[in-house]
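Everything below belongs to work38.cif, which stores mmCIF, C-alpha atoms.
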data_input
#
loop_
_atom_site.label_atom_id
_atom_site.label_comp_id
_atom_site.auth_asym_id
_atom_site.auth_seq_id
_atom_site.Cartn_x
_atom_site.Cartn_y
_atom_site.Cartn_z
CA MET A 1 0.00 0.00 0.00
CA LYS A 2 2.87 2.40 0.77
CA THR A 3 4.27 1.97 -2.73
CA THR A 4 0.88 2.69 -4.28
CA LYS A 5 0.46 5.78 -2.13
CA ARG A 6 3.92 7.06 -3.04
CA LEU A 7 3.16 6.65 -6.74
CA VAL A 8 -0.16 8.45 -6.44
CA THR A 9 1.40 11.26 -4.44
CA ALA A 10 4.19 11.56 -7.00
CA ALA A 11 1.65 11.70 -9.81
CA LEU A 12 -0.30 14.38 -7.98
CA ALA A 13 2.87 16.37 -7.41
CA ALA A 14 3.73 16.13 -11.10
CA THR A 15 0.25 17.29 -12.05
CA LEU A 16 0.53 20.16 -9.61
CA LEU A 17 3.91 21.16 -11.04
CA ALA A 18 2.37 21.31 -14.51
CA VAL A 19 -0.48 23.44 -13.20
CA LEU A 20 1.82 25.86 -11.41
CA THR A 21 4.11 26.10 -14.41
CA ALA A 22 1.10 27.04 -16.52
CA CYS A 23 0.33 29.71 -13.93
CA GLY A 24 3.81 31.16 -14.17
CA GLY A 25 5.75 29.04 -11.65
CA THR A 26 3.81 29.83 -8.47
CA ALA A 27 0.15 29.78 -7.49
CA GLY A 28 0.15 33.57 -7.67
CA GLY A 29 2.39 33.84 -10.73
CA ALA A 30 1.96 35.25 -14.21
CA SER A 31 -1.80 34.73 -14.28
CA GLY A 32 -2.06 37.04 -11.27
CA ASP A 33 -5.58 37.68 -10.14
CA LYS A 34 -7.06 35.89 -13.15
CA SER A 35 -6.60 32.32 -11.94
CA VAL A 36 -7.80 29.97 -9.21
CA VAL A 37 -6.48 26.52 -8.27
CA VAL A 38 -8.87 23.75 -7.21
CA TYR A 39 -7.69 20.53 -5.57
CA THR A 40 -10.54 18.11 -6.22
CA VAL A 41 -11.54 14.50 -5.83
CA ASP A 42 -12.06 12.71 -9.14
CA GLY A 43 -15.50 12.03 -10.63
CA LEU A 44 -16.63 15.50 -11.69
CA GLU A 45 -14.26 16.08 -14.58
CA ASP A 46 -16.94 16.45 -17.28
CA TRP A 47 -19.10 18.72 -15.14
CA TYR A 48 -16.09 20.84 -14.26
CA THR A 49 -15.06 21.28 -17.89
CA ALA A 50 -18.34 22.95 -18.80
CA ARG A 51 -18.77 24.91 -15.56
CA PHE A 52 -15.21 26.24 -15.53
CA GLU A 53 -15.54 27.41 -19.12
CA GLU A 54 -18.79 29.19 -18.21
CA PHE A 55 -17.08 30.76 -15.21
CA LYS A 56 -14.16 31.96 -17.32
CA ALA A 57 -16.52 33.46 -19.90
CA LYS A 58 -18.37 35.27 -17.12
CA THR A 59 -15.39 36.50 -15.07
CA GLY A 60 -12.22 36.12 -17.14
CA ILE A 61 -10.80 33.87 -14.38
CA THR A 62 -9.11 30.62 -15.42
CA VAL A 63 -9.64 27.56 -13.20
CA GLN A 64 -6.81 25.05 -12.84
CA ALA A 65 -7.90 21.71 -11.38
CA VAL A 66 -5.64 19.13 -9.71
CA THR A 67 -7.49 15.80 -9.46
CA ALA A 68 -6.77 12.73 -7.31
CA GLY A 69 -8.40 10.53 -4.68
CA SER A 70 -10.32 12.30 -1.92
CA GLY A 71 -7.80 11.48 0.80
CA GLU A 72 -4.88 12.45 -1.42
CA VAL A 73 -6.10 15.95 -2.28
CA ALA A 74 -6.87 16.70 1.37
CA SER A 75 -3.49 15.35 2.42
CA ARG A 76 -1.78 17.54 -0.16
CA VAL A 77 -3.40 20.67 1.27
CA GLU A 78 -2.11 19.67 4.71
CA LYS A 79 1.44 19.12 3.44
CA GLU A 80 1.47 22.52 1.77
CA LYS A 81 0.02 24.56 4.62
CA ALA A 82 3.30 26.44 5.08
CA ASN A 83 3.27 27.34 1.36
CA THR A 84 -0.35 27.13 0.28
CA GLN A 85 -0.92 26.36 -3.40
CA ALA A 86 -4.64 25.47 -3.54
CA ASP A 87 -7.48 27.96 -3.34
CA LEU A 88 -10.41 25.56 -3.09
CA LEU A 89 -10.66 22.00 -1.81
CA VAL A 90 -13.41 19.72 -3.12
CA THR A 91 -13.52 16.29 -1.51
CA LEU A 92 -15.72 13.71 0.18
CA PRO A 93 -16.51 13.14 3.85
CA PRO A 94 -14.91 12.54 6.27
CA PHE A 95 -11.85 14.13 4.62
CA ILE A 96 -13.46 17.55 4.33
CA GLN A 97 -14.36 17.45 8.03
CA ARG A 98 -10.81 16.43 8.91
CA ALA A 99 -9.37 19.27 6.81
CA ALA A 100 -11.58 21.73 8.67
CA ALA A 101 -10.56 20.29 12.05
CA GLN A 102 -6.90 20.72 11.06
CA GLY A 103 -7.43 24.42 10.36
CA LEU A 104 -6.92 23.96 6.62
CA LEU A 105 -10.24 25.58 5.62
CA ALA A 106 -11.33 29.17 6.14
CA PRO A 107 -14.91 30.40 6.70
CA SER A 108 -16.72 31.60 3.60
CA SER A 109 -20.27 32.53 2.70
CA PRO A 110 -21.07 31.41 -0.86
CA GLN A 111 -24.19 33.01 -2.27
CA GLY A 112 -26.93 30.37 -2.18
CA ALA A 113 -25.30 28.25 0.52
CA ASP A 114 -28.16 29.26 2.82
CA GLN A 115 -30.26 26.86 0.71
CA VAL A 116 -28.00 23.90 1.54
CA PRO A 117 -29.63 21.82 4.32
CA VAL A 118 -28.06 22.32 7.75
CA PRO A 119 -26.77 18.70 8.09
CA GLN A 120 -24.78 19.19 4.87
CA LYS A 121 -22.76 22.25 5.82
CA ASP A 122 -20.34 23.25 8.53
CA PRO A 123 -21.82 25.41 11.32
CA GLN A 124 -18.66 27.53 11.13
CA GLY A 125 -19.00 28.02 7.36
CA ARG A 126 -15.80 26.22 6.38
CA TYR A 127 -17.37 23.73 3.94
CA PHE A 128 -20.66 23.14 2.15
CA ALA A 129 -22.13 20.24 0.18
CA MET A 130 -21.90 21.23 -3.49
CA MET A 131 -23.45 18.16 -5.10
CA ASN A 132 -25.12 15.10 -3.61
CA ASN A 133 -23.98 11.59 -4.43
CA TYR A 134 -24.31 8.05 -2.97
CA LEU A 135 -22.15 5.00 -2.33
CA SER A 136 -22.76 2.22 -4.85
CA PHE A 137 -21.15 -0.89 -6.33
CA ILE A 138 -20.63 -1.94 -9.93
CA HIS A 139 -20.41 -5.30 -11.68
CA ASN A 140 -19.30 -6.32 -15.15
CA ALA A 141 -22.26 -6.08 -17.52
CA GLN A 142 -21.71 -9.63 -18.81
CA THR A 143 -22.07 -11.14 -15.32
CA PRO A 144 -25.12 -11.33 -13.04
CA ALA A 145 -25.32 -8.72 -10.29
CA PRO A 146 -24.45 -10.11 -6.85
CA LYS A 147 -27.59 -9.75 -4.74
CA THR A 148 -26.19 -9.83 -1.19
CA TRP A 149 -23.00 -9.07 0.69
CA ASP A 150 -22.51 -12.82 1.11
CA ASP A 151 -22.58 -13.22 -2.68
CA LEU A 152 -19.36 -11.18 -2.85
CA LEU A 153 -17.63 -13.94 -0.88
CA ALA A 154 -18.39 -16.57 -3.55
CA PRO A 155 -15.36 -18.59 -4.78
CA SER A 156 -16.19 -17.54 -8.36
CA LEU A 157 -15.21 -13.97 -7.48
CA LYS A 158 -11.81 -14.82 -6.03
CA GLY A 159 -9.28 -12.42 -7.51
CA LYS A 160 -12.09 -10.56 -9.29
CA ILE A 161 -13.03 -7.93 -6.68
CA GLN A 162 -11.34 -4.66 -5.85
CA TYR A 163 -12.42 -1.74 -3.67
CA SER A 164 -10.65 1.55 -3.06
CA THR A 165 -8.67 1.76 0.15
CA PRO A 166 -10.38 3.11 3.27
CA GLY A 167 -8.49 6.12 4.56
CA GLU A 168 -7.15 7.02 1.12
CA ALA A 169 -10.35 7.19 -0.94
CA GLY A 170 -13.68 8.59 0.23
CA ASP A 171 -15.61 5.84 -1.52
CA GLY A 172 -13.33 3.25 0.07
CA THR A 173 -13.88 4.71 3.52
CA ALA A 174 -17.60 4.60 2.70
CA VAL A 175 -17.39 0.82 2.13
CA LEU A 176 -16.07 0.40 5.66
CA LEU A 177 -18.81 2.66 7.07
CA GLN A 178 -21.53 0.86 5.12
CA LEU A 179 -20.40 -2.51 6.42
CA GLN A 180 -20.27 -1.14 9.97
CA HIS A 181 -23.87 0.01 9.46
CA VAL A 182 -24.96 -3.40 8.15
CA LEU A 183 -22.86 -5.76 10.26
CA GLY A 184 -21.60 -3.73 13.22
CA GLU A 185 -17.98 -2.72 13.79
CA GLN A 186 -16.58 -6.18 14.52
CA GLY A 187 -18.81 -7.81 11.93
CA ALA A 188 -17.47 -5.40 9.29
CA LEU A 189 -13.88 -6.29 10.17
CA ASP A 190 -14.62 -10.01 10.08
CA TYR A 191 -16.31 -9.64 6.70
CA LEU A 192 -13.47 -7.63 5.17
CA HIS A 193 -10.99 -10.19 6.50
CA ARG A 194 -12.88 -12.88 4.57
CA LEU A 195 -13.27 -10.67 1.48
CA GLU A 196 -9.51 -10.07 1.35
CA ALA A 197 -9.06 -13.52 -0.19
CA SER A 198 -10.92 -12.23 -3.27
CA ASN A 199 -9.57 -8.66 -3.25
CA VAL A 200 -7.05 -7.81 -5.99
CA GLY A 201 -5.32 -5.25 -3.78
CA PRO A 202 -5.37 -1.64 -2.61
CA SER A 203 -6.38 1.29 -4.80
CA SER A 204 -6.23 4.94 -3.79
CA SER A 205 -8.67 6.01 -6.53
CA THR A 206 -12.16 4.60 -7.02
CA GLY A 207 -12.46 6.01 -10.52
CA LYS A 208 -9.60 3.84 -11.76
CA LEU A 209 -11.61 0.71 -10.97
CA GLN A 210 -14.36 1.46 -13.51
CA PRO A 211 -12.40 0.57 -16.68
CA LYS A 212 -11.14 -2.60 -15.00
CA VAL A 213 -14.70 -3.76 -14.39
CA ALA A 214 -15.80 -2.73 -17.88
CA LYS A 215 -12.98 -4.78 -19.46
CA GLY A 216 -13.61 -7.78 -17.21
CA GLU A 217 -10.20 -7.58 -15.53
CA ILE A 218 -12.19 -7.58 -12.31
CA LEU A 219 -15.92 -8.25 -11.99
CA VAL A 220 -16.96 -6.18 -8.95
CA ALA A 221 -15.81 -2.87 -7.47
CA ASN A 222 -17.11 -0.10 -5.29
CA GLY A 223 -18.09 3.28 -6.67
CA ASP A 224 -20.62 6.05 -6.35
CA VAL A 225 -23.84 6.69 -8.23
CA GLN A 226 -22.80 9.96 -9.87
CA MET A 227 -19.44 8.78 -11.17
CA ASN A 228 -20.70 5.34 -12.17
CA LEU A 229 -23.73 6.52 -14.15
CA ALA A 230 -21.64 9.17 -15.89
CA GLU A 231 -19.11 6.53 -16.99
CA ILE A 232 -21.83 4.12 -18.10
CA ASP A 233 -23.18 6.93 -20.27
CA LYS A 234 -19.81 7.30 -21.98
CA SER A 235 -18.53 3.76 -22.36
CA GLY A 236 -20.81 1.23 -20.64
CA GLY A 237 -19.46 -2.18 -19.69
CA PHE A 238 -20.82 -2.32 -16.16
CA SER A 239 -23.97 -1.79 -14.10
CA VAL A 240 -24.74 -0.31 -10.68
CA PHE A 241 -26.01 -2.42 -7.78
CA PHE A 242 -26.45 -2.27 -3.99
CA PRO A 243 -25.75 -5.45 -1.96
CA ALA A 244 -28.56 -6.50 0.39
CA ASP A 245 -28.19 -7.54 4.01
CA ALA A 246 -29.39 -10.84 5.47
CA GLN A 247 -32.95 -9.50 5.60
CA GLY A 248 -32.87 -8.53 1.93
CA LYS A 249 -32.66 -4.79 2.62
CA ARG A 250 -30.46 -2.67 0.35
CA SER A 251 -29.09 0.54 1.80
CA THR A 252 -26.61 3.33 1.15
CA PHE A 253 -25.79 6.83 2.37
CA ALA A 254 -24.98 10.22 0.91
CA LEU A 255 -21.41 11.03 -0.07
CA PRO A 256 -21.68 14.69 -1.07
CA TYR A 257 -18.97 16.52 -2.93
CA TYR A 258 -18.05 19.19 -0.36
CA ALA A 259 -16.32 22.44 -1.25
CA GLY A 260 -14.34 24.73 1.03
CA LEU A 261 -12.04 27.75 0.82
CA VAL A 262 -8.45 26.83 1.71
CA THR A 263 -6.85 28.81 4.54
CA ASN A 264 -4.43 31.43 3.18
CA ALA A 265 -5.60 30.75 -0.37
CA PRO A 266 -3.33 32.61 -2.84
CA HIS A 267 -6.37 33.69 -4.89
CA ALA A 268 -8.99 33.91 -2.15
CA ASP A 269 -11.16 36.53 -3.87
CA ASN A 270 -11.29 34.52 -7.09
CA ALA A 271 -11.99 31.36 -5.12
CA LYS A 272 -14.96 33.03 -3.44
CA LYS A 273 -16.27 34.10 -6.84
CA LEU A 274 -15.97 30.51 -8.05
CA LEU A 275 -17.84 29.26 -4.98
CA ASP A 276 -20.61 31.78 -5.64
CA PHE A 277 -20.85 30.52 -9.20
CA LEU A 278 -20.86 26.81 -8.31
CA PHE A 279 -23.62 27.37 -5.76
CA SER A 280 -25.69 29.53 -8.10
CA PRO A 281 -29.05 28.18 -9.31
CA GLU A 282 -27.59 28.25 -12.83
CA ALA A 283 -24.74 25.85 -12.00
CA GLN A 284 -26.68 23.75 -9.49
CA ALA A 285 -29.47 23.09 -12.00
CA LYS A 286 -26.88 21.47 -14.26
CA ALA A 287 -25.85 18.88 -11.65
CA ALA A 288 -27.90 16.32 -13.54
CA ASP A 289 -25.56 16.81 -16.51
CA ALA A 290 -23.07 14.77 -14.44
CA TYR A 291 -25.72 12.53 -12.81
CA GLY A 292 -25.47 14.54 -9.61
CA ILE A 293 -28.15 15.93 -7.35
CA PRO A 294 -28.11 19.65 -6.46
CA ALA A 295 -27.08 20.38 -2.89
CA ARG A 296 -29.38 23.40 -2.83
CA ALA A 297 -32.81 22.37 -1.59
CA ASP A 298 -34.51 25.00 -3.75
CA VAL A 299 -33.07 23.66 -7.01
CA THR A 300 -34.46 20.57 -8.73
CA THR A 301 -33.40 18.75 -11.86
CA SER A 302 -35.36 16.89 -14.50
CA GLY A 303 -34.75 14.98 -17.69
CA PRO A 304 -33.41 11.52 -18.61
CA LYS A 305 -30.27 11.70 -16.46
CA ALA A 306 -32.18 12.80 -13.36
CA GLU A 307 -34.60 9.91 -13.95
CA LYS A 308 -31.71 7.44 -14.18
CA VAL A 309 -30.42 8.59 -10.79
CA LYS A 310 -33.90 8.19 -9.34
CA ALA A 311 -34.24 4.72 -10.85
CA ALA A 312 -30.84 3.61 -9.52
CA LEU A 313 -31.82 4.55 -5.97
CA SER A 314 -35.34 3.13 -6.17
CA GLY A 315 -35.99 0.72 -3.29
CA VAL A 316 -32.69 1.56 -1.59
CA ASP A 317 -32.86 2.76 2.02
CA ILE A 318 -30.89 5.98 2.63
CA TRP A 319 -29.31 6.43 6.05
CA GLN A 320 -27.31 9.37 7.45
CA PRO A 321 -23.89 8.95 9.12
CA ASP A 322 -22.87 11.16 12.02
CA TRP A 323 -19.76 12.59 10.39
CA THR A 324 -18.51 14.14 13.62
CA ALA A 325 -18.56 10.71 15.26
CA VAL A 326 -17.05 9.11 12.16
CA LEU A 327 -14.15 11.56 12.19
CA GLY A 328 -13.60 11.07 15.92
CA GLY A 329 -13.21 7.32 15.51
CA LEU A 330 -11.64 7.28 12.07
CA ASP A 331 -8.03 6.62 13.05
CA ALA A 332 -9.04 3.71 15.27
CA SER A 333 -11.35 2.30 12.58
CA LEU A 334 -8.62 2.48 9.94
CA ALA A 335 -6.05 0.87 12.24
CA ALA A 336 -8.48 -1.97 12.98
CA TYR A 337 -9.21 -2.33 9.26
CA LYS A 338 -5.52 -2.61 8.34
CA LYS A 339 -5.02 -5.25 11.00
CA ALA A 340 -8.06 -7.21 9.83
CA VAL A 341 -6.88 -7.37 6.21
CA GLY A 342 -3.20 -7.84 7.06
CA ARG A 343 -1.72 -4.57 5.81
#
How does the structure come out when it is put into structure tokens?
Amino acid sequence: MKTTKRLVTAALAATLLAVLTACGGTAGGASGDKSVVVYTVDGLEDWYTARFEEFKAKTGITVQAVTAGSGEVASRVEKEKANTQADLLVTLPPFIQRAAAQGLLAPSSPQGADQVPVPQKDPQGRYFAMMNNYLSFIHNAQTPAPKTWDDLLAPSLKGKIQYSTPGEAGDGTAVLLQLQHVLGEQGALDYLHRLEASNVGPSSSTGKLQPKVAKGEILVANGDVQMNLAEIDKSGGFSVFFPADAQGKRSTFALPYYAGLVTNAPHADNAKKLLDFLFSPEAQAKAADAYGIPARADVTTSGPKAEKVKAALSGVDIWQPDWTAVLGGLDASLAAYKKAVGR
């Protein structure tokens, strides 16, 4: 796992270097007050492309995005706190909550954030849900969907399952939380210990698992509804499913894309303008373009993509984690997980 993490971190650093070079060598370089740097979890690339172009046309400000796993982008902000490079951080829970607790996020007041439900924003104004999303699983389209968690333990799936690593990827951490919800803390550890015999190995990015499933290199992986449906739209090859518990109940929970202003952001004013734009009714209404759900309660979406999201979640029970409690016990949970799977 350490080797994988080093490679991912190196790749992120290389991407960052390219971004900063394009900006004139530093985050506040040649582009001056006409740029903003976003460190973001993967999954929203297509939505970003259109929104950032709209933002540039409206303001003249160029957005540079550095994309990696949710834990990696948050970790990068922490490592650079003495020489801040990022202006905005977009990542999944509980990494956004941890970044706030570490003092890495500054209070902001995006226009329209008052319409984000209270449970989905920080009371101190350091982060806000930007787009709603949900934990899911995917299976190769040429194979039947596993119906239950026990089905994932079948001998036929040995060496054909991979899930992103808890603690490094938000979706991977979500797998651990979902199993704790279904089986209890010890039951989740026992299950993941058994599943390890079928697991290909660690992965710091959930998005990288999609092409593997589509090609049949592996047959099952974790994911999230927004990213998975968007990829199915482009290339197909897999389908979304939700494993059921022993009583036949399927469940999941929200994994919003959270956005927050980075403390000591080099382009803080531009970052605030970008936040205002991303939380505007105009941008929020286009969440369905990426199979997302607007975080603003006063904005709704319609059309074929919105209907596909609704259909995917039909019959699935939605529960709400206590992210404060999750963050408080995260280190202990991850240590217990690593011990259970032998890493």
At a cut-off of 12 Å from (-24.2, 19.5, -12.3) in the coordinates of the file, what residues are picked up using all atoms listed in the file, written as number ranges by chain?
-> A: 43-52, 130-133, 226-227, 230, 257, 277-296, 299-302, 305-306
Between atom CA of A:Leu152 and atom CA of A:Phe137, measure the distance and give it in Å to one decimal.
-> 11.0 Å
Just so the selection is clear, what residues does the PyMOL selection byres ((chain A and resi 172) around 9) cover here, as an MDAnalysis selection string?
-> chainID A and resid 163:171 173:177 203:206 222:223
Determine, for each residue of stretch 182-298 of chain A having at least one atom at most 10 Å from an atom of stretch 319-329 of chain A, the closest pair of atoms and their separation in Å to one decimal, counting only C-alpha atoms; order by chain and ascending number, as a Markdown table.
| residue | atom | partner | partner_atom | distance |
| --- | --- | --- | --- | --- |
| A:Ser251 | CA | A:Trp319 | CA | 7.3 |
| A:Thr252 | CA | A:Trp319 | CA | 6.4 |
| A:Phe253 | CA | A:Trp319 | CA | 5.1 |
| A:Ala254 | CA | A:Gln320 | CA | 7.0 |
| A:Leu255 | CA | A:Gln320 | CA | 9.7 |
Taking the file as shown, what set of residues would the PyMOL selection byres ((chain A and resi 68-81) around 8) give back, as a ChimeraX atom specification?
-> /A:8-9,12,39-42,66-67,82-86,89,91-92,95-96,99,104,167-170,204-206,262
Determine the nearest neighbour of A:Asn199 from the options A:Thr143, A:Gln111, A:Gln162, A:Gln186, counting all atoms listed in the file.
->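 When distances to A:Asn199 are compared using all atoms listed in the file, the smallest one comes from A:Gln162.
For the atom pair formed by atom CA of A:Leu157 and atom CA of A:Gly184, the distance is 24.0 Å, given to one decimal.
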Write out as an MDAnalysis selection string which residues come within 12 Å of A:Ala336 when counting only C-alpha atoms, dropping same-chain ones fewer than 3 positions away.
-> chainID A and resid 166:167 176 185:190 192:193 329:333 339:343
Find the distance between atom CA of A:Phe55 and atom CA of A:Gln210 and write it in Å to one decimal.
->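 Calculated distance between atom CA of A:Phe55 and atom CA of A:Gln210 is 29.5 Å.
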I'd like the box whose edges run along x, y and z of the file and which contains every listed atom of stretch 106-118 of chain A, padded by 3 Å per side; could you state its centre and edge lengths in Å, one decimal, as AutoDock Vina command-line options?
--center_x -20.8 --center_y 27.4 --center_z 2.7 --size_x 24.9 --size_y 17.2 --size_z 16.0
Polymer residues at most 9 Å from stretch 233-242 of chain A, only C-alpha atoms, same-chain spacing of 4 or more positions, as a CSV table (one decimal) with C-alpha atoms, keeping the file's coordinate frame:
chain,number,residue,atom,x,y,z
A,135,LEU,CA,-22.2,5.0,-2.3
A,136,SER,CA,-22.8,2.2,-4.8
A,137,PHE,CA,-21.2,-0.9,-6.3
A,138,ILE,CA,-20.6,-1.9,-9.9
A,139,HIS,CA,-20.4,-5.3,-11.7
A,140,ASN,CA,-19.3,-6.3,-15.2
A,141,ALA,CA,-22.3,-6.1,-17.5
A,142,GLN,CA,-21.7,-9.6,-18.8
A,143,THR,CA,-22.1,-11.1,-15.3
A,145,ALA,CA,-25.3,-8.7,-10.3
A,146,PRO,CA,-24.4,-10.1,-6.8
A,147,LYS,CA,-27.6,-9.8,-4.7
A,148,THR,CA,-26.2,-9.8,-1.2
A,149,TRP,CA,-23.0,-9.1,0.7
A,210,GLN,CA,-14.4,1.5,-13.5
A,211,PRO,CA,-12.4,0.6,-16.7
A,213,VAL,CA,-14.7,-3.8,-14.4
A,214,ALA,CA,-15.8,-2.7,-17.9
A,215,LYS,CA,-13.0,-4.8,-19.5
A,216,GLY,CA,-13.6,-7.8,-17.2
A,219,LEU,CA,-15.9,-8.2,-12.0
A,223,GLY,CA,-18.1,3.3,-6.7
A,224,ASP,CA,-20.6,6.0,-6.4
A,225,VAL,CA,-23.8,6.7,-8.2
A,228,ASN,CA,-20.7,5.3,-12.2
A,229,LEU,CA,-23.7,6.5,-14.2
A,250,ARG,CA,-30.5,-2.7,0.4
A,251,SER,CA,-29.1,0.5,1.8
A,252,THR,CA,-26.6,3.3,1.2
A,312,ALA,CA,-30.8,3.6,-9.5
A,313,LEU,CA,-31.8,4.6,-6.0
A,316,VAL,CA,-32.7,1.6,-1.6
Chain and number of each residue from the PyMOL selection byres ((chain A and resi 159) around 12), as a ChimeraX atom specification = /A:152-158,160-163,195-201,216-221
From the list A:Pro110, A:Pro144, A:Gly260, A:Pro93, which residue is nearest A:Tyr127 when using all atoms listed in the file?
->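 Of all the options, A:Gly260 lies closest to A:Tyr127.
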